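So this one's target_33.cif, mmCIF, C-alpha atoms and all ligand atoms:
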data_entry
loop_
_atom_site.group_PDB
_atom_site.id
_atom_site.type_symbol
_atom_site.label_atom_id
_atom_site.label_comp_id
_atom_site.auth_asym_id
_atom_site.auth_seq_id
_atom_site.Cartn_x
_atom_site.Cartn_y
_atom_site.Cartn_z
ATOM 1 C CA MET A 1 2.502 -18.242 8.349
ATOM 2 C CA THR A 2 3.542 -15.406 10.647
ATOM 3 C CA VAL A 3 1.493 -12.531 11.967
ATOM 4 C CA ARG A 4 3.267 -9.197 12.025
ATOM 5 C CA PRO A 5 1.524 -6.601 14.145
ATOM 6 C CA LEU A 6 2.206 -3.131 12.792
ATOM 7 C CA ALA A 7 3.597 -2.030 16.106
ATOM 8 C CA ARG A 8 6.853 -3.801 15.257
ATOM 9 C CA PRO A 9 9.843 -1.520 14.723
ATOM 10 C CA ALA A 10 10.654 -0.507 11.139
ATOM 11 C CA ALA A 11 13.893 -2.493 11.348
ATOM 12 C CA ALA A 12 11.796 -5.664 10.941
ATOM 13 C CA THR A 13 11.318 -4.802 7.229
ATOM 14 C CA ALA A 14 14.889 -3.583 6.662
ATOM 15 C CA PRO A 15 15.835 -6.260 4.087
ATOM 16 C CA HIS A 16 12.920 -5.146 1.879
ATOM 17 C CA GLU A 17 12.909 -2.041 -0.269
ATOM 18 C CA ILE A 18 9.856 0.059 0.613
ATOM 19 C CA HIS A 19 7.975 0.998 -2.556
ATOM 20 C CA ALA A 20 5.053 2.952 -1.106
ATOM 21 C CA ARG A 21 4.219 3.996 2.415
ATOM 22 C CA LEU A 22 1.232 5.266 4.337
ATOM 23 C CA ALA A 23 2.210 6.811 7.682
ATOM 24 C CA GLU A 24 -0.438 7.703 10.268
ATOM 25 C CA VAL A 25 -2.956 8.255 7.463
ATOM 26 C CA THR A 26 -6.539 9.184 8.314
ATOM 27 C CA ARG A 27 -9.486 10.247 6.167
ATOM 28 C CA THR A 28 -12.645 11.931 7.386
ATOM 29 C CA TYR A 29 -15.433 12.790 4.943
ATOM 30 C CA GLY A 30 -17.507 15.908 5.237
ATOM 31 C CA ALA A 31 -15.847 17.403 8.328
ATOM 32 C CA VAL A 32 -16.548 21.105 8.732
ATOM 33 C CA GLY A 33 -14.099 23.222 10.707
ATOM 34 C CA GLY A 34 -12.376 20.135 12.108
ATOM 35 C CA ARG A 35 -15.624 18.791 13.649
ATOM 36 C CA GLY A 36 -18.156 16.183 12.628
ATOM 37 C CA GLY A 37 -18.090 14.156 9.419
ATOM 38 C CA VAL A 38 -17.539 10.438 8.859
ATOM 39 C CA HIS A 39 -14.235 9.175 10.195
ATOM 40 C CA ALA A 40 -13.725 6.532 7.483
ATOM 41 C CA LEU A 41 -10.097 5.510 7.882
ATOM 42 C CA GLY A 42 -7.183 5.283 10.198
ATOM 43 C CA PRO A 43 -4.767 6.032 11.459
ATOM 44 C CA VAL A 44 -3.193 3.510 9.091
ATOM 45 C CA ASP A 45 0.472 2.591 8.589
ATOM 46 C CA ILE A 46 1.444 0.317 5.706
ATOM 47 C CA ALA A 47 4.867 -0.129 4.136
ATOM 48 C CA LEU A 48 4.452 -1.821 0.755
ATOM 49 C CA ARG A 49 7.557 -3.740 -0.260
ATOM 50 C CA ARG A 50 8.712 -3.449 -3.856
ATOM 51 C CA GLY A 51 7.417 -6.368 -5.903
ATOM 52 C CA GLU A 52 5.111 -7.843 -3.278
ATOM 53 C CA PHE A 53 1.466 -8.854 -3.682
ATOM 54 C CA TYR A 54 -0.373 -7.244 -0.764
ATOM 55 C CA SER A 55 -4.095 -7.614 -0.171
ATOM 56 C CA VAL A 56 -6.346 -5.679 2.167
ATOM 57 C CA ILE A 57 -9.420 -7.297 3.684
ATOM 58 C CA GLY A 58 -11.831 -5.884 6.202
ATOM 59 C CA PRO A 59 -15.486 -5.721 7.174
ATOM 60 C CA SER A 60 -18.038 -3.968 5.042
ATOM 61 C CA GLY A 61 -17.660 -0.194 5.053
ATOM 62 C CA CYS A 62 -14.396 -0.210 7.029
ATOM 63 C CA GLY A 63 -12.609 2.152 4.648
ATOM 64 C CA LYS A 64 -10.920 -0.195 2.149
ATOM 65 C CA SER A 65 -11.795 1.888 -0.927
ATOM 66 C CA THR A 66 -10.897 5.039 0.974
ATOM 67 C CA LEU A 67 -7.460 3.554 1.683
ATOM 68 C CA LEU A 68 -6.937 2.841 -2.009
ATOM 69 C CA ASP A 69 -8.196 6.279 -3.034
ATOM 70 C CA VAL A 70 -5.742 8.101 -0.788
ATOM 71 C CA LEU A 71 -2.818 5.830 -1.692
ATOM 72 C CA SER A 72 -3.474 6.364 -5.416
ATOM 73 C CA GLY A 73 -3.654 10.133 -5.026
ATOM 74 C CA LEU A 74 -7.291 10.226 -6.186
ATOM 75 C CA SER A 75 -8.218 11.816 -2.872
ATOM 76 C CA ARG A 76 -6.236 13.560 -0.152
ATOM 77 C CA PRO A 77 -5.863 12.152 3.366
ATOM 78 C CA SER A 78 -7.118 14.287 6.245
ATOM 79 C CA ALA A 79 -3.853 13.650 8.096
ATOM 80 C CA GLY A 80 -0.661 11.655 7.684
ATOM 81 C CA ALA A 81 1.808 11.183 4.857
ATOM 82 C CA ILE A 82 1.856 9.000 1.737
ATOM 83 C CA THR A 83 4.924 8.364 -0.386
ATOM 84 C CA PHE A 84 5.528 6.421 -3.590
ATOM 85 C CA GLU A 85 9.143 5.705 -4.549
ATOM 86 C CA GLY A 86 10.191 8.164 -1.874
ATOM 87 C CA ARG A 87 8.127 11.106 -3.213
ATOM 88 C CA PRO A 88 4.983 12.492 -1.578
ATOM 89 C CA VAL A 89 1.641 11.520 -3.138
ATOM 90 C CA ASP A 90 -0.375 14.684 -3.062
ATOM 91 C CA GLY A 91 -3.653 15.084 -4.909
ATOM 92 C CA ALA A 92 -2.796 13.385 -8.223
ATOM 93 C CA VAL A 93 -2.078 9.826 -9.377
ATOM 94 C CA PRO A 94 1.734 9.663 -9.726
ATOM 95 C CA ASP A 95 3.446 8.375 -12.868
ATOM 96 C CA GLY A 96 4.053 4.689 -12.344
ATOM 97 C CA VAL A 97 0.789 4.042 -10.447
ATOM 98 C CA GLY A 98 -2.137 2.303 -12.180
ATOM 99 C CA VAL A 99 -5.628 1.842 -10.726
ATOM 100 C CA VAL A 100 -8.269 -0.774 -11.634
ATOM 101 C CA PHE A 101 -11.814 -0.479 -10.242
ATOM 102 C CA GLN A 102 -14.622 -2.977 -9.783
ATOM 103 C CA GLU A 103 -16.961 -1.379 -12.245
ATOM 104 C CA ASP A 104 -16.493 -1.989 -15.946
ATOM 105 C CA ALA A 105 -14.795 1.190 -17.099
ATOM 106 C CA SER A 106 -14.367 0.179 -20.757
ATOM 107 C CA PHE A 107 -15.744 2.456 -23.488
ATOM 108 C CA PRO A 108 -18.451 0.496 -25.347
ATOM 109 C CA TRP A 109 -18.103 2.499 -28.569
ATOM 110 C CA MET A 110 -14.380 1.742 -28.977
ATOM 111 C CA THR A 111 -12.778 -1.516 -30.068
ATOM 112 C CA VAL A 112 -10.819 -3.490 -27.496
ATOM 113 C CA ARG A 113 -7.592 -2.310 -29.173
ATOM 114 C CA ASP A 114 -8.634 1.353 -28.994
ATOM 115 C CA ASN A 115 -9.812 0.951 -25.386
ATOM 116 C CA ILE A 116 -6.428 -0.434 -24.351
ATOM 117 C CA GLY A 117 -4.497 2.272 -26.214
ATOM 118 C CA PHE A 118 -6.669 5.113 -24.883
ATOM 119 C CA GLY A 119 -4.372 6.335 -22.092
ATOM 120 C CA LEU A 120 -1.312 6.173 -24.343
ATOM 121 C CA ARG A 121 -3.026 8.283 -27.030
ATOM 122 C CA GLU A 122 -4.098 10.801 -24.380
ATOM 123 C CA ASN A 123 -0.459 11.012 -23.285
ATOM 124 C CA GLY A 124 0.749 11.680 -26.839
ATOM 125 C CA VAL A 125 2.732 8.442 -27.164
ATOM 126 C CA ASP A 126 3.668 7.792 -30.816
ATOM 127 C CA ALA A 127 1.633 5.337 -32.858
ATOM 128 C CA ALA A 128 4.351 2.698 -33.272
ATOM 129 C CA GLU A 129 4.957 2.555 -29.518
ATOM 130 C CA ILE A 130 1.201 2.387 -28.858
ATOM 131 C CA GLY A 131 0.911 -0.528 -31.289
ATOM 132 C CA ARG A 132 3.775 -2.368 -29.613
ATOM 133 C CA ARG A 133 2.476 -1.910 -26.081
ATOM 134 C CA VAL A 134 -1.139 -2.701 -26.965
ATOM 135 C CA ASP A 135 -0.048 -5.907 -28.749
ATOM 136 C CA ALA A 136 1.911 -6.969 -25.661
ATOM 137 C CA ALA A 137 -1.053 -6.230 -23.345
ATOM 138 C CA LEU A 138 -3.476 -8.076 -25.653
ATOM 139 C CA ALA A 139 -1.183 -11.119 -25.537
ATOM 140 C CA LEU A 140 -0.646 -10.913 -21.753
ATOM 141 C CA MET A 141 -4.389 -10.730 -21.050
ATOM 142 C CA GLY A 142 -5.380 -13.393 -23.626
ATOM 143 C CA LEU A 143 -7.300 -10.856 -25.738
ATOM 144 C CA ARG A 144 -5.453 -11.136 -29.064
ATOM 145 C CA ASP A 145 -8.429 -12.679 -30.864
ATOM 146 C CA PHE A 146 -10.741 -9.953 -29.580
ATOM 147 C CA ALA A 147 -8.738 -6.855 -30.549
ATOM 148 C CA ALA A 148 -11.376 -5.751 -33.073
ATOM 149 C CA ALA A 149 -14.397 -6.568 -30.879
ATOM 150 C CA HIS A 150 -16.369 -3.991 -28.884
ATOM 151 C CA PRO A 151 -16.841 -4.463 -25.092
ATOM 152 C CA PRO A 152 -20.615 -5.184 -25.303
ATOM 153 C CA GLN A 153 -19.700 -8.282 -27.336
ATOM 154 C CA LEU A 154 -17.545 -9.623 -24.477
ATOM 155 C CA SER A 155 -18.267 -11.396 -21.177
ATOM 156 C CA GLY A 156 -17.871 -9.523 -17.867
ATOM 157 C CA GLY A 157 -14.550 -11.277 -17.210
ATOM 158 C CA MET A 158 -13.192 -10.290 -20.600
ATOM 159 C CA ARG A 159 -14.315 -6.681 -20.175
ATOM 160 C CA GLN A 160 -12.451 -6.587 -16.868
ATOM 161 C CA ARG A 161 -9.389 -7.978 -18.680
ATOM 162 C CA VAL A 162 -9.666 -5.046 -21.091
ATOM 163 C CA CYS A 163 -9.633 -2.652 -18.125
ATOM 164 C CA ILE A 164 -6.597 -4.371 -16.604
ATOM 165 C CA ALA A 165 -4.835 -4.294 -20.006
ATOM 166 C CA ARG A 166 -5.609 -0.578 -20.279
ATOM 167 C CA THR A 167 -3.823 -0.040 -16.968
ATOM 168 C CA LEU A 168 -0.924 -2.343 -17.885
ATOM 169 C CA VAL A 169 -0.003 -0.506 -21.117
ATOM 170 C CA MET A 170 0.897 2.481 -18.951
ATOM 171 C CA GLN A 171 3.596 0.196 -17.467
ATOM 172 C CA PRO A 172 2.712 0.858 -13.820
ATOM 173 C CA ARG A 173 5.225 -0.122 -11.185
ATOM 174 C CA LEU A 174 2.470 -0.116 -8.550
ATOM 175 C CA ILE A 175 -0.941 -1.570 -9.490
ATOM 176 C CA LEU A 176 -3.868 -0.792 -7.174
ATOM 177 C CA LEU A 177 -7.026 -2.849 -7.643
ATOM 178 C CA ASP A 178 -10.317 -2.151 -5.845
ATOM 179 C CA GLU A 179 -12.469 -5.316 -5.846
ATOM 180 C CA PRO A 180 -11.687 -5.854 -9.544
ATOM 181 C CA PHE A 181 -13.452 -9.227 -9.704
ATOM 182 C CA GLY A 182 -16.389 -8.340 -7.455
ATOM 183 C CA ALA A 183 -18.955 -8.508 -10.247
ATOM 184 C CA LEU A 184 -17.768 -11.858 -11.637
ATOM 185 C CA ASP A 185 -18.967 -15.405 -10.958
ATOM 186 C CA ALA A 186 -16.881 -17.663 -8.674
ATOM 187 C CA GLN A 187 -15.078 -19.641 -11.391
ATOM 188 C CA THR A 188 -14.237 -16.535 -13.426
ATOM 189 C CA ARG A 189 -12.871 -14.918 -10.259
ATOM 190 C CA LEU A 190 -10.472 -17.847 -9.802
ATOM 191 C CA ILE A 191 -9.293 -17.617 -13.397
ATOM 192 C CA MET A 192 -8.880 -13.845 -13.215
ATOM 193 C CA GLY A 193 -6.952 -14.266 -9.956
ATOM 194 C CA ASP A 194 -4.539 -16.616 -11.717
ATOM 195 C CA GLU A 195 -4.160 -14.121 -14.562
ATOM 196 C CA LEU A 196 -3.428 -11.376 -12.095
ATOM 197 C CA LEU A 197 -0.736 -13.527 -10.479
ATOM 198 C CA ARG A 198 0.814 -14.124 -13.909
ATOM 199 C CA VAL A 199 0.768 -10.387 -14.707
ATOM 200 C CA TRP A 200 2.322 -9.668 -11.304
ATOM 201 C CA ARG A 201 5.136 -12.146 -11.955
ATOM 202 C CA GLU A 202 5.772 -11.074 -15.551
ATOM 203 C CA THR A 203 5.738 -7.317 -14.912
ATOM 204 C CA GLY A 204 7.510 -7.379 -11.542
ATOM 205 C CA ALA A 205 5.038 -4.710 -10.340
ATOM 206 C CA THR A 206 4.002 -4.211 -6.738
ATOM 207 C CA VAL A 207 0.301 -5.044 -6.315
ATOM 208 C CA MET A 208 -2.216 -3.901 -3.727
ATOM 209 C CA LEU A 209 -5.569 -5.661 -4.000
ATOM 210 C CA ILE A 210 -8.672 -4.639 -2.073
ATOM 211 C CA THR A 211 -11.039 -7.558 -1.645
ATOM 212 C CA HIS A 212 -13.802 -8.677 0.685
ATOM 213 C CA ALA A 213 -13.105 -12.354 -0.142
ATOM 214 C CA LEU A 214 -10.919 -14.124 2.427
ATOM 215 C CA ASP A 215 -10.049 -17.012 0.147
ATOM 216 C CA GLU A 216 -9.096 -14.659 -2.698
ATOM 217 C CA ALA A 217 -6.751 -12.757 -0.380
ATOM 218 C CA ALA A 218 -5.328 -16.017 0.999
ATOM 219 C CA MET A 219 -4.740 -17.461 -2.491
ATOM 220 C CA LEU A 220 -3.174 -14.480 -4.178
ATOM 221 C CA SER A 221 -1.109 -12.650 -1.601
ATOM 222 C CA ASP A 222 2.346 -12.577 -0.124
ATOM 223 C CA ARG A 223 0.941 -10.464 2.724
ATOM 224 C CA ILE A 224 -2.540 -9.577 3.859
ATOM 225 C CA GLY A 225 -3.433 -6.491 5.861
ATOM 226 C CA VAL A 226 -6.515 -7.140 7.999
ATOM 227 C CA MET A 227 -8.569 -4.050 8.796
ATOM 228 C CA SER A 228 -10.784 -3.302 11.769
ATOM 229 C CA ALA A 229 -14.369 -2.063 11.483
ATOM 230 C CA ARG A 230 -14.672 1.646 10.570
ATOM 231 C CA PRO A 231 -12.641 3.708 11.087
ATOM 232 C CA GLY A 232 -10.402 1.085 9.483
ATOM 233 C CA ARG A 233 -7.030 0.434 11.068
ATOM 234 C CA ILE A 234 -4.612 -2.376 10.263
ATOM 235 C CA LEU A 235 -5.102 -4.996 12.984
ATOM 236 C CA ALA A 236 -2.446 -7.391 11.709
ATOM 237 C CA GLU A 237 -0.379 -8.209 8.647
ATOM 238 C CA ILE A 238 -0.235 -11.884 7.797
ATOM 239 C CA GLU A 239 2.545 -13.387 5.672
ATOM 240 C CA THR A 240 1.316 -16.385 3.695
ATOM 241 C CA GLY A 241 4.778 -17.698 2.790
ATOM 242 C CA TRP A 242 3.606 -18.910 -0.658
ATOM 243 C CA PRO A 243 6.190 -19.389 -3.425
ATOM 244 C CA ARG A 244 6.226 -16.764 -6.186
ATOM 245 C CA GLU A 245 5.264 -19.414 -8.752
ATOM 246 C CA ARG A 246 1.708 -20.144 -7.622
ATOM 247 C CA ASP A 247 -1.895 -20.122 -8.729
ATOM 248 C CA SER A 248 -5.346 -20.761 -7.274
ATOM 249 C CA ARG A 249 -4.481 -24.417 -6.701
ATOM 250 C CA ILE A 250 -2.547 -23.197 -3.645
ATOM 251 C CA ALA A 251 -5.960 -23.611 -1.962
ATOM 252 C CA ALA A 252 -5.147 -27.343 -1.791
ATOM 253 C CA ASP A 253 -1.939 -26.631 0.168
ATOM 254 C CA PRO A 254 -2.061 -28.045 3.714
ATOM 255 C CA GLY A 255 -1.217 -24.561 5.046
ATOM 256 C CA PHE A 256 -4.100 -22.831 3.247
ATOM 257 C CA GLY A 257 -6.712 -23.608 5.895
ATOM 258 C CA ALA A 258 -4.449 -22.146 8.571
ATOM 259 C CA VAL A 259 -4.202 -18.858 6.633
ATOM 260 C CA THR A 260 -7.965 -18.537 6.096
ATOM 261 C CA SER A 261 -8.776 -19.489 9.706
ATOM 262 C CA ARG A 262 -6.293 -16.919 10.963
ATOM 263 C CA LEU A 263 -7.932 -14.279 8.743
ATOM 264 C CA TRP A 264 -11.427 -15.206 9.890
ATOM 265 C CA GLY A 265 -10.248 -15.317 13.517
ATOM 266 C CA LEU A 266 -9.206 -11.677 13.153
ATOM 267 C CA LEU A 267 -12.195 -10.602 11.073
ATOM 268 C CA ARG A 268 -15.149 -12.236 12.752
ATOM 269 C CA GLU A 269 -15.378 -9.846 15.712
ATOM 270 C CA GLU A 270 -14.831 -6.852 13.449
ATOM 271 C CA SER A 271 -17.489 -7.987 10.989
ATOM 272 C CA LEU A 272 -19.971 -8.379 13.846
ATOM 273 C CA ARG A 273 -19.039 -4.919 15.058
ATOM 274 C CA ALA A 274 -19.525 -3.492 11.558
ATOM 275 C CA ILE A 275 -22.971 -5.053 11.234
ATOM 276 C CA GLY A 276 -23.925 -4.002 14.776
ATOM 277 C CA ALA A 277 -22.912 -0.455 14.023
ATOM 278 C CA GLN A 278 -25.182 -0.438 10.989
ATOM 279 C CA ALA A 279 -28.227 -1.995 12.701
ATOM 280 C CA PRO A 280 -31.018 0.480 13.454
ATOM 281 C CA ALA A 281 -31.427 1.421 17.135
ATOM 282 C CA GLY A 282 -33.545 -1.148 18.997
ATOM 283 C CA ALA A 283 -33.265 -3.719 16.190
ATOM 284 C CA ASP A 284 -31.904 -6.321 18.625
ATOM 285 C CA HIS A 285 -35.186 -6.202 20.587
ATOM 286 C CA ALA A 286 -37.340 -6.844 17.535
HETATM 287 N N1 LIG B 1 -17.637 10.520 -0.405
HETATM 288 C C1 LIG B 1 -18.044 10.122 0.811
HETATM 289 N N2 LIG B 1 -18.717 10.959 1.619
HETATM 290 C C2 LIG B 1 -19.119 10.586 2.858
HETATM 291 N N3 LIG B 1 -18.883 9.360 3.373
HETATM 292 C C3 LIG B 1 -18.218 8.472 2.607
HETATM 293 C C4 LIG B 1 -17.755 8.805 1.287
HETATM 294 N N4 LIG B 1 -17.125 7.720 0.768
HETATM 295 C C5 LIG B 1 -17.185 6.772 1.717
HETATM 296 N N5 LIG B 1 -17.837 7.218 2.812
HETATM 297 C C6 LIG B 1 -18.070 6.477 4.056
HETATM 298 O O1 LIG B 1 -16.809 6.083 4.576
HETATM 299 C C7 LIG B 1 -16.864 4.759 5.101
HETATM 300 C C8 LIG B 1 -15.836 3.879 4.394
HETATM 301 O O2 LIG B 1 -16.234 3.729 3.037
HETATM 302 P P1 LIG B 1 -15.402 2.837 2.011
HETATM 303 O O3 LIG B 1 -16.146 2.806 0.727
HETATM 304 O O4 LIG B 1 -13.998 3.318 1.989
HETATM 305 O O5 LIG B 1 -15.444 1.419 2.737
HETATM 306 P P2 LIG B 1 -15.230 -0.035 2.113
HETATM 307 O O6 LIG B 1 -14.566 -0.837 3.162
HETATM 308 O O7 LIG B 1 -14.529 0.076 0.800
HETATM 309 O O8 LIG B 1 -16.725 -0.493 1.900
HETATM 310 P P3 LIG B 1 -17.312 -1.815 1.186
HETATM 311 O O9 LIG B 1 -16.947 -2.946 2.085
HETATM 312 O O10 LIG B 1 -18.773 -1.564 1.157
HETATM 313 O O11 LIG B 1 -16.684 -1.894 -0.154
HETATM 314 C C9 LIG B 1 -18.297 4.295 4.917
HETATM 315 O O12 LIG B 1 -18.986 4.543 6.137
HETATM 316 C C10 LIG B 1 -18.841 5.178 3.819
HETATM 317 O O13 LIG B 1 -20.222 5.372 3.949
#

Let me see the structure of the file written as structure tokens.
Ligand SMILES: Nc1ncnc2c1ncn2[C@@H]1O[C@H](COP(=O)(O)OP(=O)(O)OP(=O)(O)O)[C@@H](O)[C@H]1O
Amino acid sequence: MTVRPLARPAAATAPHEIHARLAEVTRTYGAVGGRGGVHALGPVDIALRRGEFYSVIGPSGCGKSTLLDVLSGLSRPSAGAITFEGRPVDGAVPDGVGVVFQEDASFPWMTVRDNIGFGLRENGVDAAEIGRRVDAALALMGLRDFAAAHPPQLSGGMRQRVCIARTLVMQPRLILLDEPFGALDAQTRLIMGDELLRVWRETGATVMLITHALDEAAMLSDRIGVMSARPGRILAEIETGWPRERDSRIAADPGFGAVTSRLWGLLREESLRAIGAQAPAGADHA
């Protein structure tokens, strides 16, 4: 395990192809005339390497979702520059970027098959190609036997698989996930984490995962960006050094404890700061 502070010169990542980059990115909500508002994020610098699995952890309310929103193009940064495959990301989700959210975004009135093919139909892809891609996504996400079911007939984990499949059929080269397993029980989270690792390996996509779970970040990632309390900055980037062929059983690796303790060592102070900042005035005298 190595800790790479962001202050290192860019040459340190030279052997890696940079797939997406945030440079000096900040986001302030509700500022009027350059004053006031909530400074939610930054400045943040992240250089995502093509094909890596990168997770972001940080204290509650530090700006993790904001980071993902600006990187995806769903919202604009207040300052700084974002690029994907060398082109600026500016106010729209670029082709090649797929986003998965925590909340179940499946359409209950459509079958699983129609849910997964939705984006392709909207984009005017021809029926044969839709059929081919949906079949592949159903197989990849273990949903083949449920193609004709409707989401209300499925468990929470399976509904989230439908949402991931719906993103995968668009063949994203960068997959951004915001707490995708947050609503699931602990065992289902582990299984979904393994499925995500398999999808990552089989598609060769770059993945950025936002999570509040240290062990999830430690298990799944090649690198973990640790954020400060709001306004979130990247305090450190930790390389786990795991092999590409891995699953949740990596938690039994002798090095796993060192990764999680390093993460908690960085996060503990920040989490206390985040809670302190949210406590009502005078609460510590109560
Ligand atoms: N649309 C908005 N308008 C005003 N403030 C916002 C908006 N969205 C987020 N914020 C504020 O920005 C800060 C960062 O929010 P964000 O949701 O990005 O953090 P987070 O780390 O994802 O939070 P959590 O840990 O709860 O998931 C918070 O203080 C939040 O209240």

Original post:
Residues within 10 Å of ligand LIG 1 (chain B) (all atoms listed in the file), as a count of residues only?
Top reply: 41

**OP:** Enumerate, as an MDAnalysis selection string, the residues matched when the PyMOL selection byres (((chain A and resi 209) around 12) and not hetatm) is run on the file above.
**Re:** chainID A and resid 48 52:58 64:65 67:68 98:102 174:182 193 196:197 200 206:208 210:214 216:225

Export of prior selection with C-alpha atoms as a PDB file, in the frame of the given file:
ATOM      1  CA  LEU A  48       4.452  -1.821   0.755  1.00  0.00           C
ATOM      2  CA  GLU A  52       5.111  -7.843  -3.278  1.00  0.00           C
ATOM      3  CA  PHE A  53       1.466  -8.854  -3.682  1.00  0.00           C
ATOM      4  CA  TYR A  54      -0.373  -7.244  -0.764  1.00  0.00           C
ATOM      5  CA  SER A  55      -4.095  -7.614  -0.171  1.00  0.00           C
ATOM      6  CA  VAL A  56      -6.346  -5.679   2.167  1.00  0.00           C
ATOM      7  CA  ILE A  57      -9.420  -7.297   3.684  1.00  0.00           C
ATOM      8  CA  GLY A  58     -11.831  -5.884   6.202  1.00  0.00           C
ATOM      9  CA  LYS A  64     -10.920  -0.195   2.149  1.00  0.00           C
ATOM     10  CA  SER A  65     -11.795   1.888  -0.927  1.00  0.00           C
ATOM     11  CA  LEU A  67      -7.460   3.554   1.683  1.00  0.00           C
ATOM     12  CA  LEU A  68      -6.937   2.841  -2.009  1.00  0.00           C
ATOM     13  CA  GLY A  98      -2.137   2.303 -12.180  1.00  0.00           C
ATOM     14  CA  VAL A  99      -5.628   1.842 -10.726  1.00  0.00           C
ATOM     15  CA  VAL A 100      -8.269  -0.774 -11.634  1.00  0.00           C
ATOM     16  CA  PHE A 101     -11.814  -0.479 -10.242  1.00  0.00           C
ATOM     17  CA  GLN A 102     -14.622  -2.977  -9.783  1.00  0.00           C
ATOM     18  CA  LEU A 174       2.470  -0.116  -8.550  1.00  0.00           C
ATOM     19  CA  ILE A 175      -0.941  -1.570  -9.490  1.00  0.00           C
ATOM     20  CA  LEU A 176      -3.868  -0.792  -7.174  1.00  0.00           C
ATOM     21  CA  LEU A 177      -7.026  -2.849  -7.643  1.00  0.00           C
ATOM     22  CA  ASP A 178     -10.317  -2.151  -5.845  1.00  0.00           C
ATOM     23  CA  GLU A 179     -12.469  -5.316  -5.846  1.00  0.00           C
ATOM     24  CA  PRO A 180     -11.687  -5.854  -9.544  1.00  0.00           C
ATOM     25  CA  PHE A 181     -13.452  -9.227  -9.704  1.00  0.00           C
ATOM     26  CA  GLY A 182     -16.389  -8.340  -7.455  1.00  0.00           C
ATOM     27  CA  GLY A 193      -6.952 -14.266  -9.956  1.00  0.00           C
ATOM     28  CA  LEU A 196      -3.428 -11.376 -12.095  1.00  0.00           C
ATOM     29  CA  LEU A 197      -0.736 -13.527 -10.479  1.00  0.00           C
ATOM     30  CA  TRP A 200       2.322  -9.668 -11.304  1.00  0.00           C
ATOM     31  CA  THR A 206       4.002  -4.211  -6.738  1.00  0.00           C
ATOM     32  CA  VAL A 207       0.301  -5.044  -6.315  1.00  0.00           C
ATOM     33  CA  MET A 208      -2.216  -3.901  -3.727  1.00  0.00           C
ATOM     34  CA  ILE A 210      -8.672  -4.639  -2.073  1.00  0.00           C
ATOM     35  CA  THR A 211     -11.039  -7.558  -1.645  1.00  0.00           C
ATOM     36  CA  HIS A 212     -13.802  -8.677   0.685  1.00  0.00           C
ATOM     37  CA  ALA A 213     -13.105 -12.354  -0.142  1.00  0.00           C
ATOM     38  CA  LEU A 214     -10.919 -14.124   2.427  1.00  0.00           C
ATOM     39  CA  GLU A 216      -9.096 -14.659  -2.698  1.00  0.00           C
ATOM     40  CA  ALA A 217      -6.751 -12.757  -0.380  1.00  0.00           C
ATOM     41  CA  ALA A 218      -5.328 -16.017   0.999  1.00  0.00           C
ATOM     42  CA  MET A 219      -4.740 -17.461  -2.491  1.00  0.00           C
ATOM     43  CA  LEU A 220      -3.174 -14.480  -4.178  1.00  0.00           C
ATOM     44  CA  SER A 221      -1.109 -12.650  -1.601  1.00  0.00           C
ATOM     45  CA  ASP A 222       2.346 -12.577  -0.124  1.00  0.00           C
ATOM     46  CA  ARG A 223       0.941 -10.464   2.724  1.00  0.00           C
ATOM     47  CA  ILE A 224      -2.540  -9.577   3.859  1.00  0.00           C
ATOM     48  CA  GLY A 225      -3.433  -6.491   5.861  1.00  0.00           C
TER      49      GLY A 225
END

Subject >> Residues matched by the PyMOL selection byres (((chain A and resi 84) around 9) and not hetatm) as a list in words >> reply: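 Those residues are Ile18, His19, Ala20, Arg21, Leu71, Ile82, Thr83, Glu85, Gly86, Arg87, Pro88, Val89, Pro94, Val97 and Leu174 of chain A.
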
Once 8 Å is added on each side, what are the centre and the three edge lengths, in Å to one decimal, of the axis-aligned box enclosing the listed atoms of region 160-169 of chain A? Present them as AutoDock Vina command-line options.
--center_x -6.2 --center_y -4.0 --center_z -18.9 --size_x 28.4 --size_y 23.9 --size_z 20.5

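Put simply, CA of Thr26 (chain A) is 26.0 Å away from CA of Ala205 (chain A).
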
**OP:** Name the closest residue to Glu195 (chain A) among the candidates A:Glu269, A:Glu239, A:Asp135, A:Asp247; distances are taken between atoms, counting all atoms listed in the file.
**Re:**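 Of the candidates, the smallest distance to Glu195 (chain A) is held by A:Asp247.
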
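Across the model, the gap from CA of Gly42 (chain A) to CA of Arg76 (chain A) is 13.3 Å.
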
**OP:** Kindly indicate which residue among A:Thr111, A:Glu129, A:Arg159, A:Gly117 lies nearest to Ala147 (chain A), using only C-alpha atoms for the distances.
**Re:**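 Ranking A:Thr111, A:Glu129, A:Arg159, A:Gly117 by distance to Ala147 (chain A), first place goes to A:Thr111.
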
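Using all atoms listed in the file, the smallest distance between any of A:Val169, A:Leu143, A:Ile130, A:Ile234 and Pro43 (chain A) comes from A:Ile234.
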
**OP:** Calculate how many Å separate CA of Pro77 (chain A) from CA of Val44 (chain A), rounding to one decimal.
**Re:**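 A separation of 10.7 Å between them.
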
Subject >> Of the listed residues A:Asn115, A:Thr167, A:Thr240, A:Ser106, that which approaches Asp253 (chain A) most closely, counting only C-alpha atoms >> reply: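 Nearest candidate to Asp253 (chain A) out of A:Asn115, A:Thr167, A:Thr240, A:Ser106: A:Thr240.
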
Original post:
When distances are computed from only C-alpha atoms, which of A:Pro151, A:Pro254, A:Gly265, A:Gly73 shows the smallest separation from Val112 (chain A)?
Top reply: A:Pro151

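Taking only C-alpha atoms into account, Thr203 (chain A) lies nearest to A:Leu168 out of the set A:Val162, A:Leu168, A:Leu235, A:Ala258.
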